file input-v9.cif (mmCIF, C-alpha atoms)
data_structure
loop_
_atom_site.label_atom_id
_atom_site.label_comp_id
_atom_site.auth_asym_id
_atom_site.auth_seq_id
_atom_site.Cartn_x
_atom_site.Cartn_y
_atom_site.Cartn_z
CA MET A 245 10.43 5.37 4.86
CA LYS A 246 8.05 5.63 7.86
CA ARG A 247 4.41 5.22 6.86
CA ILE A 248 2.07 7.73 8.47
CA PHE A 249 -1.68 7.33 8.15
CA LEU A 250 -3.08 10.61 6.99
CA VAL A 251 -5.24 12.49 9.46
CA LEU A 252 -6.87 15.56 8.03
CA ALA A 253 -8.15 17.94 10.67
CA LEU A 254 -11.47 18.73 9.04
CA ALA A 255 -14.46 19.41 11.25
CA ALA A 256 -17.53 17.28 10.58
CA SER A 257 -20.84 19.00 10.00
CA LEU A 258 -24.05 17.20 10.86
CA GLN A 259 -26.13 19.23 8.41
CA VAL A 260 -27.57 18.03 5.11
CA ALA A 261 -24.43 17.32 3.22
CA ASN A 262 -25.08 17.65 -0.48
CA ALA A 263 -26.34 21.22 -0.15
CA GLN A 264 -23.72 21.94 2.50
CA ASN A 265 -20.85 20.68 0.34
CA ALA A 266 -22.02 22.59 -2.75
CA LYS A 267 -22.48 25.72 -0.70
CA SER A 268 -19.07 25.28 0.87
CA VAL A 269 -17.33 25.08 -2.51
CA ALA A 270 -19.35 27.98 -3.91
CA ALA A 271 -18.78 30.08 -0.78
CA ALA A 272 -15.06 29.32 -0.79
CA LYS A 273 -14.81 30.26 -4.47
CA SER A 274 -16.72 33.52 -3.93
CA ALA A 275 -14.62 34.48 -0.90
CA LEU A 276 -11.44 33.71 -2.84
CA GLU A 277 -12.45 35.92 -5.76
CA LYS A 278 -13.09 38.85 -3.41
CA ALA A 279 -9.83 38.33 -1.53
CA ALA A 280 -7.86 37.99 -4.78
CA ALA A 281 -9.37 41.25 -6.07
CA ALA A 282 -8.28 43.02 -2.90
CA ALA A 283 -4.76 41.61 -3.23
CA GLU A 284 -4.57 43.06 -6.75
CA ASN A 285 -5.93 46.45 -5.70
CA PRO A 286 -3.06 48.95 -5.24
CA LYS A 287 -4.98 50.70 -2.46
CA GLN A 288 -5.37 47.51 -0.44
CA ASN A 289 -2.40 45.30 -1.26
CA THR A 290 -0.06 47.27 0.96
CA LYS A 291 -2.04 46.21 4.02
CA MET A 292 -1.12 43.16 6.04
CA ALA A 293 -4.79 42.31 6.65
CA THR A 294 -5.38 42.01 2.90
CA TRP A 295 -2.75 39.29 2.55
CA LEU A 296 -3.88 37.48 5.68
CA LYS A 297 -7.42 37.36 4.31
CA TYR A 298 -6.20 36.27 0.87
CA GLY A 299 -4.02 33.54 2.38
CA GLN A 300 -6.90 32.21 4.47
CA ALA A 301 -9.25 32.30 1.47
CA LEU A 302 -6.73 30.20 -0.46
CA LEU A 303 -6.54 27.67 2.39
CA ASP A 304 -10.35 27.47 2.48
CA ALA A 305 -10.41 26.97 -1.27
CA TYR A 306 -7.81 24.21 -0.98
CA ALA A 307 -9.88 22.34 1.64
CA ALA A 308 -13.38 22.87 0.23
CA PRO A 309 -13.43 20.11 -2.46
CA ALA A 310 -12.93 17.41 0.19
CA GLY A 311 -16.18 18.56 1.77
CA ASN A 312 -17.35 16.68 4.83
CA VAL A 313 -14.99 13.77 4.23
CA TRP A 314 -11.80 13.07 6.14
CA VAL A 315 -9.33 10.24 6.46
CA GLY A 316 -10.32 7.78 9.18
CA MET A 317 -14.08 8.34 9.04
CA THR A 318 -16.25 5.30 8.44
CA GLU A 319 -18.19 4.82 5.26
CA GLN A 320 -21.41 5.06 7.27
CA GLU A 321 -20.34 8.47 8.59
CA MET A 322 -19.46 9.56 5.08
CA MET A 323 -22.91 8.55 3.84
CA LEU A 324 -24.58 10.39 6.73
CA LEU A 325 -22.62 13.60 6.25
CA GLY A 326 -22.61 13.31 2.47
CA GLY A 327 -26.37 13.25 2.16
CA ALA A 328 -27.44 13.10 -1.46
CA GLU A 329 -23.90 13.22 -2.81
CA LYS A 330 -23.31 9.88 -4.52
CA PRO A 331 -20.21 8.61 -6.31
CA ALA A 332 -20.41 8.65 -10.10
CA THR A 333 -18.42 5.40 -10.31
CA GLU A 334 -17.07 2.75 -7.98
CA GLU A 335 -14.29 0.25 -8.63
CA GLN A 336 -11.95 -2.15 -6.84
CA VAL A 337 -8.27 -1.12 -6.83
CA ILE A 338 -5.02 -2.17 -5.19
CA LEU A 339 -3.05 0.57 -3.42
CA ASP A 340 0.24 -0.16 -1.73
CA GLY A 341 -0.57 -3.86 -1.98
CA LYS A 342 -3.93 -3.46 -0.24
CA PRO A 343 -7.38 -3.86 -1.81
CA MET A 344 -9.57 -0.77 -1.66
CA ARG A 345 -12.76 0.61 -3.16
CA LYS A 346 -12.36 3.77 -5.20
CA LEU A 347 -15.39 6.06 -5.07
CA SER A 348 -15.22 8.75 -7.75
CA TYR A 349 -17.10 12.02 -7.26
CA SER A 350 -17.17 15.13 -9.44
CA ASN A 351 -14.24 16.75 -7.67
CA LYS A 352 -12.52 13.97 -5.69
CA ASN A 353 -11.74 10.29 -5.41
CA VAL A 354 -12.27 8.62 -2.05
CA PHE A 355 -10.52 5.33 -1.28
CA VAL A 356 -12.17 3.08 1.30
CA ASN A 357 -10.19 0.24 2.89
CA GLN A 358 -11.39 -3.23 3.83
CA ALA A 359 -12.27 -2.02 7.33
CA GLY A 360 -14.81 0.35 5.79
CA GLN A 361 -12.82 3.50 6.59
CA VAL A 362 -11.67 6.32 4.34
CA ALA A 363 -7.97 5.70 3.75
CA LEU A 364 -7.21 8.35 1.15
CA ILE A 365 -8.75 11.43 -0.46
CA GLN A 366 -7.56 12.62 -3.86
CA VAL A 367 -8.89 15.99 -5.03
CA VAL A 368 -9.13 15.98 -8.82
CA SER A 369 -10.93 19.31 -9.39
CA PRO A 370 -9.49 22.00 -7.10
CA ILE A 371 -11.12 25.41 -6.95
CA ILE A 372 -7.80 26.96 -7.96
CA PRO A 373 -4.56 25.29 -9.06
CA ASP A 374 -1.60 25.49 -6.68
CA ALA A 375 -3.70 26.94 -3.86
CA LEU A 376 -1.10 26.03 -1.24
CA ASP A 377 1.72 27.66 -3.23
CA LYS A 378 -0.29 30.85 -3.52
CA ALA A 379 -1.29 30.72 0.15
CA LEU A 380 2.34 30.38 1.18
CA ASP A 381 3.26 33.45 -0.89
CA ALA A 382 0.35 35.38 0.63
CA PHE A 383 1.38 34.67 4.22
CA LYS A 384 5.01 35.47 3.41
CA LYS A 385 3.82 38.83 2.10
CA ALA A 386 1.76 39.34 5.26
CA ASN A 387 4.86 38.65 7.34
CA GLU A 388 6.83 41.25 5.37
CA LEU A 389 4.13 43.79 6.23
CA ASP A 390 4.24 42.86 9.92
CA PRO A 391 7.64 44.13 11.11
CA ASN A 392 6.53 44.24 14.75
CA GLY A 393 5.22 40.69 14.72
CA GLN A 394 1.69 41.60 15.76
CA LYS A 395 0.23 38.74 13.70
CA SER A 396 3.16 36.41 14.12
CA LYS A 397 1.18 33.64 15.81
CA GLU A 398 -1.55 33.73 13.16
CA ILE A 399 1.05 33.54 10.38
CA LYS A 400 2.93 30.72 12.12
CA ASP A 401 -0.27 28.71 12.48
CA ALA A 402 -1.01 29.22 8.79
CA LEU A 403 2.48 28.14 7.73
CA GLN A 404 2.19 25.03 9.89
CA LYS A 405 -1.17 24.24 8.29
CA ILE A 406 0.29 24.70 4.82
CA GLY A 407 3.20 22.40 5.66
CA THR A 408 0.84 19.73 7.02
CA SER A 409 -1.35 19.98 3.92
CA TYR A 410 1.66 19.55 1.63
CA VAL A 411 2.68 16.47 3.63
CA ASP A 412 -0.83 15.03 3.41
CA ASP A 413 -0.79 15.49 -0.36
CA ALA A 414 2.72 14.05 -0.55
CA TYR A 415 1.63 10.85 1.19
CA THR A 416 -1.40 10.65 -1.09
CA ALA A 417 0.88 10.90 -4.14
CA TYR A 418 3.24 8.35 -2.61
CA THR A 419 0.43 5.87 -2.04
CA LEU A 420 -0.76 6.43 -5.61
CA GLN A 421 2.82 5.65 -6.71
CA ASP A 422 3.53 9.12 -8.10
CA ASN A 423 6.99 9.43 -6.58
CA ALA A 424 7.99 12.51 -8.58
CA LEU A 425 5.01 14.52 -7.33
CA SER A 426 5.39 13.16 -3.80
CA SER A 427 9.03 14.27 -3.68
CA LYS A 428 8.17 17.80 -4.83
CA LEU A 429 5.37 18.09 -2.27
CA PHE A 430 7.59 16.90 0.60
CA GLU A 431 10.17 19.50 -0.39
CA LYS A 432 7.48 22.19 -0.50
CA ALA A 433 6.38 21.16 2.99
CA PHE A 434 9.98 21.48 4.20
CA ASN A 435 10.26 24.97 2.71
CA ALA A 436 6.87 26.05 4.04
CA VAL A 437 7.57 25.30 7.70
CA GLY A 438 11.06 26.71 7.25
CA SER A 439 9.63 30.10 6.25
CA ALA A 440 9.71 33.02 8.68
CA PRO A 441 8.36 33.54 11.23
CA LEU A 442 7.81 29.79 11.82
CA SER A 443 11.37 28.88 10.76
CA GLN A 444 11.24 25.18 11.65
CA LEU A 445 13.86 22.72 10.38
CA ASP A 446 11.92 19.57 9.46
CA THR A 447 14.71 17.23 8.35
CA ASN A 448 12.42 14.17 8.36
CA THR A 449 10.24 15.75 5.68
CA LEU A 450 13.31 16.74 3.69
CA TYR A 451 14.53 13.14 3.90
CA ASN A 452 11.15 11.95 2.61
CA ALA A 453 11.61 14.26 -0.40
CA GLY A 454 14.90 12.50 -1.08
CA PHE A 455 13.50 9.04 -0.40
CA THR A 456 10.62 9.43 -2.86
CA ALA A 457 12.97 10.82 -5.51
CA PHE A 458 15.24 7.81 -4.90
CA ARG A 459 12.27 5.45 -5.08
CA GLY A 460 11.29 7.02 -8.40
CA LYS A 461 14.91 6.62 -9.63
CA ASP A 462 15.43 10.37 -9.98
CA TYR A 463 18.93 9.88 -8.64
CA ALA A 464 20.24 13.37 -9.39
CA ARG A 465 17.47 14.95 -7.32
CA ALA A 466 17.76 12.35 -4.56
CA LYS A 467 21.51 12.92 -4.31
CA GLU A 468 21.08 16.69 -4.01
CA ILE A 469 18.47 16.34 -1.27
CA PHE A 470 20.34 13.64 0.69
CA LYS A 471 23.47 15.79 0.68
CA LYS A 472 21.38 18.66 1.99
CA CYS A 473 20.10 16.38 4.76
CA ALA A 474 23.68 15.45 5.65
CA ASP A 475 24.56 19.15 5.84
CA TYR A 476 21.89 19.37 8.55
CA ASN A 477 23.47 16.32 10.27
CA TYR A 478 20.44 14.18 9.44
CA VAL A 479 21.45 10.87 7.90
CA GLY A 480 18.33 8.76 8.33
CA ASP A 481 17.82 5.63 10.37
CA MET A 482 21.21 4.02 11.11
CA GLY A 483 22.95 6.13 8.45
CA ASP A 484 20.53 5.06 5.72
CA ILE A 485 21.50 8.08 3.60
CA TYR A 486 25.05 6.76 3.17
CA ALA A 487 23.75 3.48 1.73
CA LYS A 488 21.46 5.33 -0.67
CA LEU A 489 24.15 7.80 -1.74
CA SER A 490 26.39 4.82 -2.42
CA THR A 491 23.71 3.22 -4.58
CA ILE A 492 23.34 6.47 -6.51
CA ALA A 493 27.10 6.74 -7.03
CA LYS A 494 27.13 3.13 -8.28
CA GLU A 495 24.32 3.93 -10.72
CA GLU A 496 26.40 6.88 -11.93
CA GLY A 497 29.34 4.55 -12.49
CA ASN A 498 31.44 6.19 -9.77
CA LEU A 499 32.61 3.14 -7.79
CA PRO A 500 35.26 4.98 -5.70
CA GLU A 501 32.57 7.39 -4.49
CA ALA A 502 30.18 4.49 -3.82
CA LYS A 503 32.84 2.82 -1.68
CA SER A 504 33.64 6.08 0.12
CA TYR A 505 30.02 6.62 1.17
CA LEU A 506 29.77 3.06 2.50
CA GLU A 507 33.00 3.26 4.46
CA THR A 508 32.05 6.64 5.94
CA GLY A 509 28.66 5.26 6.91
CA PHE A 510 30.18 2.09 8.35
CA GLN A 511 32.56 4.05 10.54
CA LYS A 512 29.62 5.99 11.99
CA PHE A 513 27.04 3.19 12.00
CA PRO A 514 28.84 -0.20 12.05
CA GLN A 515 25.59 -1.94 13.07
CA SER A 516 23.67 -0.79 9.98
CA GLN A 517 22.70 -3.84 7.97
CA GLY A 518 22.08 -1.75 4.84
CA ILE A 519 25.58 -0.29 4.91
CA LEU A 520 27.16 -3.61 5.90
CA ILE A 521 25.50 -5.53 3.09
CA GLY A 522 26.48 -2.80 0.65
CA LEU A 523 30.12 -3.03 1.74
CA ILE A 524 30.18 -6.82 1.59
CA ASN A 525 28.65 -6.79 -1.90
CA TYR A 526 31.11 -4.11 -3.00
CA TYR A 527 34.15 -6.15 -1.98
CA LEU A 528 32.72 -9.37 -3.39
CA GLU A 529 31.92 -7.72 -6.74
CA SER A 530 35.03 -5.57 -7.03
CA GLY A 531 37.53 -8.26 -6.05
CA GLU A 532 39.26 -5.84 -3.68
CA ASP A 533 40.81 -7.08 -0.45
CA SER A 534 37.92 -7.82 1.90
CA ASN A 535 40.25 -7.48 4.89
CA ARG A 536 39.48 -3.78 4.66
CA LEU A 537 36.10 -4.65 6.20
CA PHE A 538 37.78 -6.06 9.28
CA THR A 539 40.12 -3.07 9.52
CA LEU A 540 37.07 -0.79 9.66
CA LEU A 541 35.43 -3.06 12.21
CA ASP A 542 38.55 -3.18 14.37
CA ASP A 543 38.57 0.62 14.43
CA ALA A 544 34.99 0.52 15.75
CA LYS A 545 35.95 -2.06 18.39
CA LYS A 546 38.68 0.23 19.71
CA ASN A 547 35.98 2.73 20.63
CA GLU A 548 33.55 0.10 21.97
CA PRO A 549 35.51 -3.03 22.89
CA ASN A 550 32.62 -4.50 24.89
CA ASN A 551 29.89 -3.90 22.34
CA PRO A 552 28.52 -7.36 21.37
CA SER A 553 26.75 -6.01 18.30
CA LEU A 554 30.14 -5.32 16.68
CA TYR A 555 31.03 -9.01 17.00
CA ASN A 556 27.62 -9.86 15.59
CA VAL A 557 28.47 -7.70 12.58
CA GLU A 558 31.81 -9.48 12.33
CA GLY A 559 29.99 -12.79 12.29
CA ASP A 560 27.70 -11.56 9.51
CA ILE A 561 30.71 -10.51 7.43
CA HIS A 562 32.50 -13.84 7.87
CA LYS A 563 29.29 -15.70 7.04
CA GLN A 564 28.76 -13.75 3.82
CA LEU A 565 32.38 -14.38 2.84
CA GLY A 566 31.98 -18.11 3.49
CA GLN A 567 34.35 -18.09 6.47
CA ILE A 568 32.22 -20.35 8.67
CA ASP A 569 34.65 -21.10 11.53
CA GLU A 570 35.44 -17.40 11.96
CA ALA A 571 31.71 -16.57 11.88
CA ILE A 572 31.01 -19.13 14.62
CA ALA A 573 33.77 -17.65 16.78
CA ALA A 574 32.44 -14.10 16.33
CA TYR A 575 28.83 -15.04 17.12
CA THR A 576 29.98 -17.00 20.17
CA LYS A 577 31.96 -13.98 21.38
CA CYS A 578 28.73 -11.98 21.54
CA GLY A 579 27.35 -14.23 24.30
CA GLU A 580 30.65 -14.15 26.18
CA ILE A 581 30.53 -10.35 26.30
CA ASP A 582 26.82 -10.09 27.09
CA PRO A 583 24.86 -13.29 27.83
CA SER A 584 21.58 -11.37 27.39
CA TYR A 585 22.40 -10.26 23.83
CA GLU A 586 20.11 -12.42 21.69
CA ARG A 587 21.43 -11.41 18.27
CA GLY A 588 24.63 -13.42 18.61
CA TYR A 589 22.69 -16.58 19.46
CA ILE A 590 20.30 -15.92 16.57
CA GLY A 591 23.19 -15.40 14.17
CA LEU A 592 24.80 -18.64 15.28
CA GLY A 593 21.51 -20.54 15.05
CA ILE A 594 20.78 -19.24 11.55
CA LEU A 595 24.31 -20.10 10.43
CA TYR A 596 23.90 -23.74 11.49
CA TYR A 597 20.35 -23.91 10.13
CA ASP A 598 21.28 -22.43 6.73
CA ASN A 599 24.29 -24.72 6.55
CA ALA A 600 22.02 -27.70 7.18
CA VAL A 601 19.72 -26.59 4.37
CA ASP A 602 22.68 -26.27 1.99
CA ILE A 603 23.91 -29.75 2.89
CA GLN A 604 20.44 -31.21 2.40
CA GLU A 605 20.23 -29.70 -1.09
CA LYS A 606 23.59 -31.25 -1.96
CA ALA A 607 22.43 -34.60 -0.58
CA ASN A 608 19.25 -34.49 -2.64
CA ALA A 609 21.35 -34.03 -5.78
CA GLU A 610 23.83 -36.80 -4.87
CA LEU A 611 23.41 -40.11 -6.74
CA ASP A 612 26.11 -42.04 -4.87
CA ASP A 613 24.52 -43.76 -1.84
CA ALA A 614 27.62 -43.62 0.35
CA LYS A 615 28.18 -39.95 -0.31
CA TYR A 616 24.47 -39.30 0.25
CA ARG A 617 24.55 -41.00 3.67
CA ALA A 618 27.67 -39.06 4.65
CA LEU A 619 26.00 -35.80 3.67
CA MET A 620 22.89 -36.67 5.67
CA VAL A 621 25.04 -37.30 8.76
CA ASP A 622 26.52 -33.80 8.34
CA PHE A 623 23.03 -32.39 7.71
CA GLU A 624 21.64 -33.77 10.97
CA LYS A 625 24.71 -32.67 12.89
CA SER A 626 24.37 -29.08 11.67
CA LEU A 627 20.60 -29.05 12.19
CA LYS A 628 20.97 -30.26 15.78
CA ALA A 629 23.66 -27.65 16.37
CA CYS A 630 21.22 -24.80 15.66
CA ILE A 631 18.84 -25.83 18.45
CA ALA A 632 20.91 -24.80 21.48
CA PRO A 633 21.69 -21.22 20.33
CA PHE A 634 18.11 -20.71 19.17
CA GLU A 635 16.80 -21.88 22.55
CA LYS A 636 19.19 -19.53 24.33
CA ALA A 637 17.99 -16.66 22.12
CA TYR A 638 14.37 -17.58 22.86
CA GLU A 639 15.16 -17.57 26.58
CA VAL A 640 16.84 -14.16 26.75
CA THR A 641 14.92 -12.08 24.21
CA THR A 642 12.12 -9.80 25.37
CA SER A 643 10.74 -9.28 21.87
CA ASP A 644 7.55 -11.18 21.06
CA ASN A 645 8.28 -10.88 17.34
CA LEU A 646 11.73 -12.40 17.77
CA LYS A 647 10.32 -15.16 19.93
CA ALA A 648 7.83 -16.03 17.19
CA GLY A 649 10.54 -16.16 14.53
CA ILE A 650 12.90 -18.20 16.70
CA ALA A 651 10.11 -20.64 17.59
CA GLU A 652 9.50 -21.25 13.89
CA TYR A 653 13.15 -22.24 13.39
CA LEU A 654 13.05 -24.49 16.48
CA LYS A 655 9.80 -26.14 15.41
CA ASN A 656 11.25 -26.97 11.98
CA ALA A 657 14.51 -28.28 13.41
CA CYS A 658 12.96 -30.40 16.17
CA PHE A 659 10.41 -31.88 13.76
CA ARG A 660 13.24 -33.76 12.09
CA PHE A 661 14.20 -35.52 15.35
CA ARG A 662 10.81 -35.85 17.04
CA ASP A 663 10.85 -39.66 16.64
CA GLU A 664 14.44 -39.94 17.80
CA SER A 665 13.84 -39.14 21.46
CA PRO A 666 11.14 -37.78 23.80
CA GLU A 667 13.32 -34.71 24.34
CA TYR A 668 12.98 -33.56 20.72
CA LEU A 669 9.29 -34.43 20.61
CA GLU A 670 8.73 -32.32 23.73
CA LYS A 671 10.63 -29.40 22.16
CA TYR A 672 8.69 -29.76 18.91
CA ASN A 673 5.38 -29.67 20.76
CA LYS A 674 6.51 -26.69 22.85
CA TYR A 675 7.56 -24.50 19.93
CA SER A 676 4.73 -25.61 17.65
CA GLY A 677 2.39 -24.04 20.18
CA LYS A 678 4.19 -20.70 19.88
#
call {"tool": "encode", "arguments": {"input": "input-v9.cif", "output": "structure tokens"}}
result
Amino acid sequence: MKRIFLVLALAASLQVANAQNAKSVAAAKSALEKAAAAAENPKQNTKMATWLKYGQALLDAYAAPAGNVWVGMTEQEMMLLGGAEKPATEEQVILDGKPMRKLSYSNKNVFVNQAGQVALIQVVSPIIPDALDKALDAFKKANELDPNGQKSKEIKDALQKIGTSYVDDAYTAYTLQDNALSSKLFEKAFNAVGSAPLSQLDTNTLYNAGFTAFRGKDYARAKEIFKKCADYNYVGDMGDIYAKLSTIAKEEGNLPEAKSYLETGFQKFPQSQGILIGLINYYLESGEDSNRLFTLLDDAKKNEPNNPSLYNVEGDIHKQLGQIDEAIAAYTKCGEIDPSYERGYIGLGILYYDNAVDIQEKANAELDDAKYRALMVDFEKSLKACIAPFEKAYEVTTSDNLKAGIAEYLKNACFRFRDESPEYLEKYNKYSGK
């Protein structure tokens, strides 16, 4: 799932904050009571303006408890704008693996990260429960009473704001590890922006509803939402939905369906590592003929015979199946097709490097001296073999992250031979500096 830092579009006020915040909540509550009364009044609830005012009052009531605090502001700014408002308690917590300070106020919790910025706001005492749900209904009613679209722009803006607010709350719930609530809020956001007259199709938000349900192991809900995404031709990054639907089918005990999702996904996204690993694991666990993998891959090659990434995938499959010679041939083919394609060189380098590690582990467990020495000869041969493809990958890649990872492999490999010749010492020094 893509992580988005929450940005709440709340305007900062430079006035005395404690009085301002209290007044804001009180004013929002008073305005909401008046607007709600009008919406219940038979003489007024047939007017579009009544529902527009009620919807806006609900949005104001939703926002008021946060006061003059927004995500991204510094703690110093919060203290300045917060005036006399002080947290009742303060404690150290870990959120999403990151240490934060939790400041608890009467109506909200504010989480401050190590950089001294507000990272999260959790409202714990709203003015009215389900304010966004009620606001959405109010603006839908206003739209029904606006057949000529005179207030269409105002209603669209409100629906967009409601959708954004649902998403903000969904990410808050996600960060607080409440996946069930997060999933429901993402789905509400999807439905809000999909409402007329805005009528936007936000498939990314719908996917997030499925992802958080999946993360919370509510597989029935996740399956329903992912299928809905697929109906909209949205299948996630590199067909991610197929891999997740396969996992769900496996959890349900439906192995034929699990296999079907993976094969469908592989045909559409043969370069997806998630789908590929799922297929490899399926054939290894099921005992079925793994040649089916290569049949699927050959079908992909017919459409893209000069696509080096398909041969890289082939190399990954052979490697996982323990077919080392075939893996070497497939990785080598990548460079023959496209000398600038770094993944084939990386795959080949990792294969030799991992093989060297496996041999070393066997050697360390070997008690017979002759067999130990023979294994160490094979170990050094395989370790040296990884250097050339890694250096070629380092030469052709334009990714700084890949260069850093490749340099780490090269540093470790060349360290072994640094006393053997000046060449390896020079390489070791070169890549150690990276």
call {"tool": "closest_residue", "arguments": {"input": "input-v9.cif", "among": "A:Leu389, A:Ile399, A:Ala637, A:Ala293", "to": "Glu586 of chain A", "atoms": "all atoms listed in the file"}}
result
A:Ala637
call {"tool": "atom_distance", "arguments": {"input": "input-v9.cif", "atom1": "atom CA of Asn673 of chain A", "atom2": "atom CA of Glu635 of chain A"}}
result
13.9 Å
call {"tool": "residues_around", "arguments": {"input": "input-v9.cif", "residues": "Thr642 of chain A", "least_positions_apart": "4", "cutoff": "12 Å", "atoms": "all atoms listed in the file", "output": "PyMOL selection string"}}
result
chain A and resi 584-587+637-638+646-648
call {"tool": "atom_distance", "arguments": {"input": "input-v9.cif", "atom1": "atom CA of Asp304 of chain A", "atom2": "atom CA of Asn357 of chain A"}}
result
27.2 Å
call {"tool": "atom_distance", "arguments": {"input": "input-v9.cif", "atom1": "atom CA of Pro370 of chain A", "atom2": "atom CA of Glu284 of chain A"}}
result
21.6 Å
call {"tool": "closest_residue", "arguments": {"input": "input-v9.cif", "among": "A:Leu450, A:Cys578, A:Gly531, A:Gly360", "to": "Asp475 of chain A", "atoms": "all atoms listed in the file"}}
result
A:Leu450
call {"tool": "residues_around", "arguments": {"input": "input-v9.cif", "residues": "Val479 of chain A", "least_positions_apart": "5", "cutoff": "10 Å", "atoms": "all atoms listed in the file", "output": "VMD selection string"}}
result
chain A and resid 447 to 448 451 470 to 474 484 to 487 509
call {"tool": "resolve_selection", "arguments": {"input": "input-v9.cif", "expression": "the PyMOL selection byres ((chain A and resi 319) around 9)", "output": "PyMOL selection string"}}
result
chain A and resi 317-318+320-324+356+360-362
call {"tool": "write_last_selection", "arguments": {"input": "input-v9.cif", "atoms": "C-alpha atoms", "output": "PDB file, keeping the file's coordinate frame"}}
result
ATOM      1  CA  MET A 317     -14.080   8.340   9.040  1.00  0.00           C
ATOM      2  CA  THR A 318     -16.250   5.300   8.440  1.00  0.00           C
ATOM      3  CA  GLN A 320     -21.410   5.060   7.270  1.00  0.00           C
ATOM      4  CA  GLU A 321     -20.340   8.470   8.590  1.00  0.00           C
ATOM      5  CA  MET A 322     -19.460   9.560   5.080  1.00  0.00           C
ATOM      6  CA  MET A 323     -22.910   8.550   3.840  1.00  0.00           C
ATOM      7  CA  LEU A 324     -24.580  10.390   6.730  1.00  0.00           C
ATOM      8  CA  VAL A 356     -12.170   3.080   1.300  1.00  0.00           C
ATOM      9  CA  GLY A 360     -14.810   0.350   5.790  1.00  0.00           C
ATOM     10  CA  GLN A 361     -12.820   3.500   6.590  1.00  0.00           C
ATOM     11  CA  VAL A 362     -11.670   6.320   4.340  1.00  0.00           C
TER      12      VAL A 362
END
call {"tool": "residues_around", "arguments": {"input": "input-v9.cif", "residues": "Lys400 of chain A", "least_positions_apart": "2", "cutoff": "12 Å", "atoms": "only C-alpha atoms", "output": "list in words"}}
result
Leu296, Leu380, Phe383, Lys384, Ala386, Asn387, Gly393, Gln394, Lys395, Ser396, Lys397, Glu398, Ala402, Leu403, Gln404, Lys405, Ile406, Gly407, Ala436, Val437, Gly438, Ser439, Ala440, Pro441, Leu442, Ser443 and Gln444 of chain A
call {"tool": "residues_around", "arguments": {"input": "input-v9.cif", "residues": "segment 503-505 of chain A", "least_positions_apart": "2", "cutoff": "9 Å", "atoms": "all atoms listed in the file", "output": "number ranges by chain"}}
result
A: 485-490, 493-494, 498-501, 507-510, 522-523, 526
call {"tool": "resolve_selection", "arguments": {"input": "input-v9.cif", "expression": "the PyMOL selection byres ((chain A and resi 555) around 8)", "output": "VMD selection string"}}
result
chain A and resid 551 to 554 556 to 559 574 to 575 577 to 578 588
call {"tool": "resolve_selection", "arguments": {"input": "input-v9.cif", "expression": "the PyMOL selection byres ((chain A and resi 417) around 12)", "output": "short mmCIF file (atom, residue, chain, number, x, y, z; two decimals) with C-alpha atoms, keeping the file's coordinate frame"}}
result
data_model
loop_
_atom_site.label_atom_id
_atom_site.label_comp_id
_atom_site.auth_asym_id
_atom_site.auth_seq_id
_atom_site.Cartn_x
_atom_site.Cartn_y
_atom_site.Cartn_z
CA LEU A 250 -3.08 10.61 6.99
CA LEU A 339 -3.05 0.57 -3.42
CA ASP A 340 0.24 -0.16 -1.73
CA LEU A 364 -7.21 8.35 1.15
CA ILE A 365 -8.75 11.43 -0.46
CA GLN A 366 -7.56 12.62 -3.86
CA VAL A 367 -8.89 15.99 -5.03
CA TYR A 410 1.66 19.55 1.63
CA VAL A 411 2.68 16.47 3.63
CA ASP A 412 -0.83 15.03 3.41
CA ASP A 413 -0.79 15.49 -0.36
CA ALA A 414 2.72 14.05 -0.55
CA TYR A 415 1.63 10.85 1.19
CA THR A 416 -1.40 10.65 -1.09
CA TYR A 418 3.24 8.35 -2.61
CA THR A 419 0.43 5.87 -2.04
CA LEU A 420 -0.76 6.43 -5.61
CA GLN A 421 2.82 5.65 -6.71
CA ASP A 422 3.53 9.12 -8.10
CA ASN A 423 6.99 9.43 -6.58
CA ALA A 424 7.99 12.51 -8.58
CA LEU A 425 5.01 14.52 -7.33
CA SER A 426 5.39 13.16 -3.80
CA SER A 427 9.03 14.27 -3.68
CA LYS A 428 8.17 17.80 -4.83
CA LEU A 429 5.37 18.09 -2.27
CA PHE A 430 7.59 16.90 0.60
CA ALA A 453 11.61 14.26 -0.40
CA THR A 456 10.62 9.43 -2.86
CA GLY A 460 11.29 7.02 -8.40
#
call {"tool": "closest_residue", "arguments": {"input": "input-v9.cif", "among": "A:Ala600, A:Met482, A:Val640, A:Ala272", "to": "Asp622 of chain A", "atoms": "only C-alpha atoms"}}
result
A:Ala600
call {"tool": "closest_residue", "arguments": {"input": "input-v9.cif", "among": "A:Ser369, A:Ser409, A:Gln336, A:Ser268", "to": "Ser350 of chain A", "atoms": "all atoms listed in the file"}}
result
A:Ser369
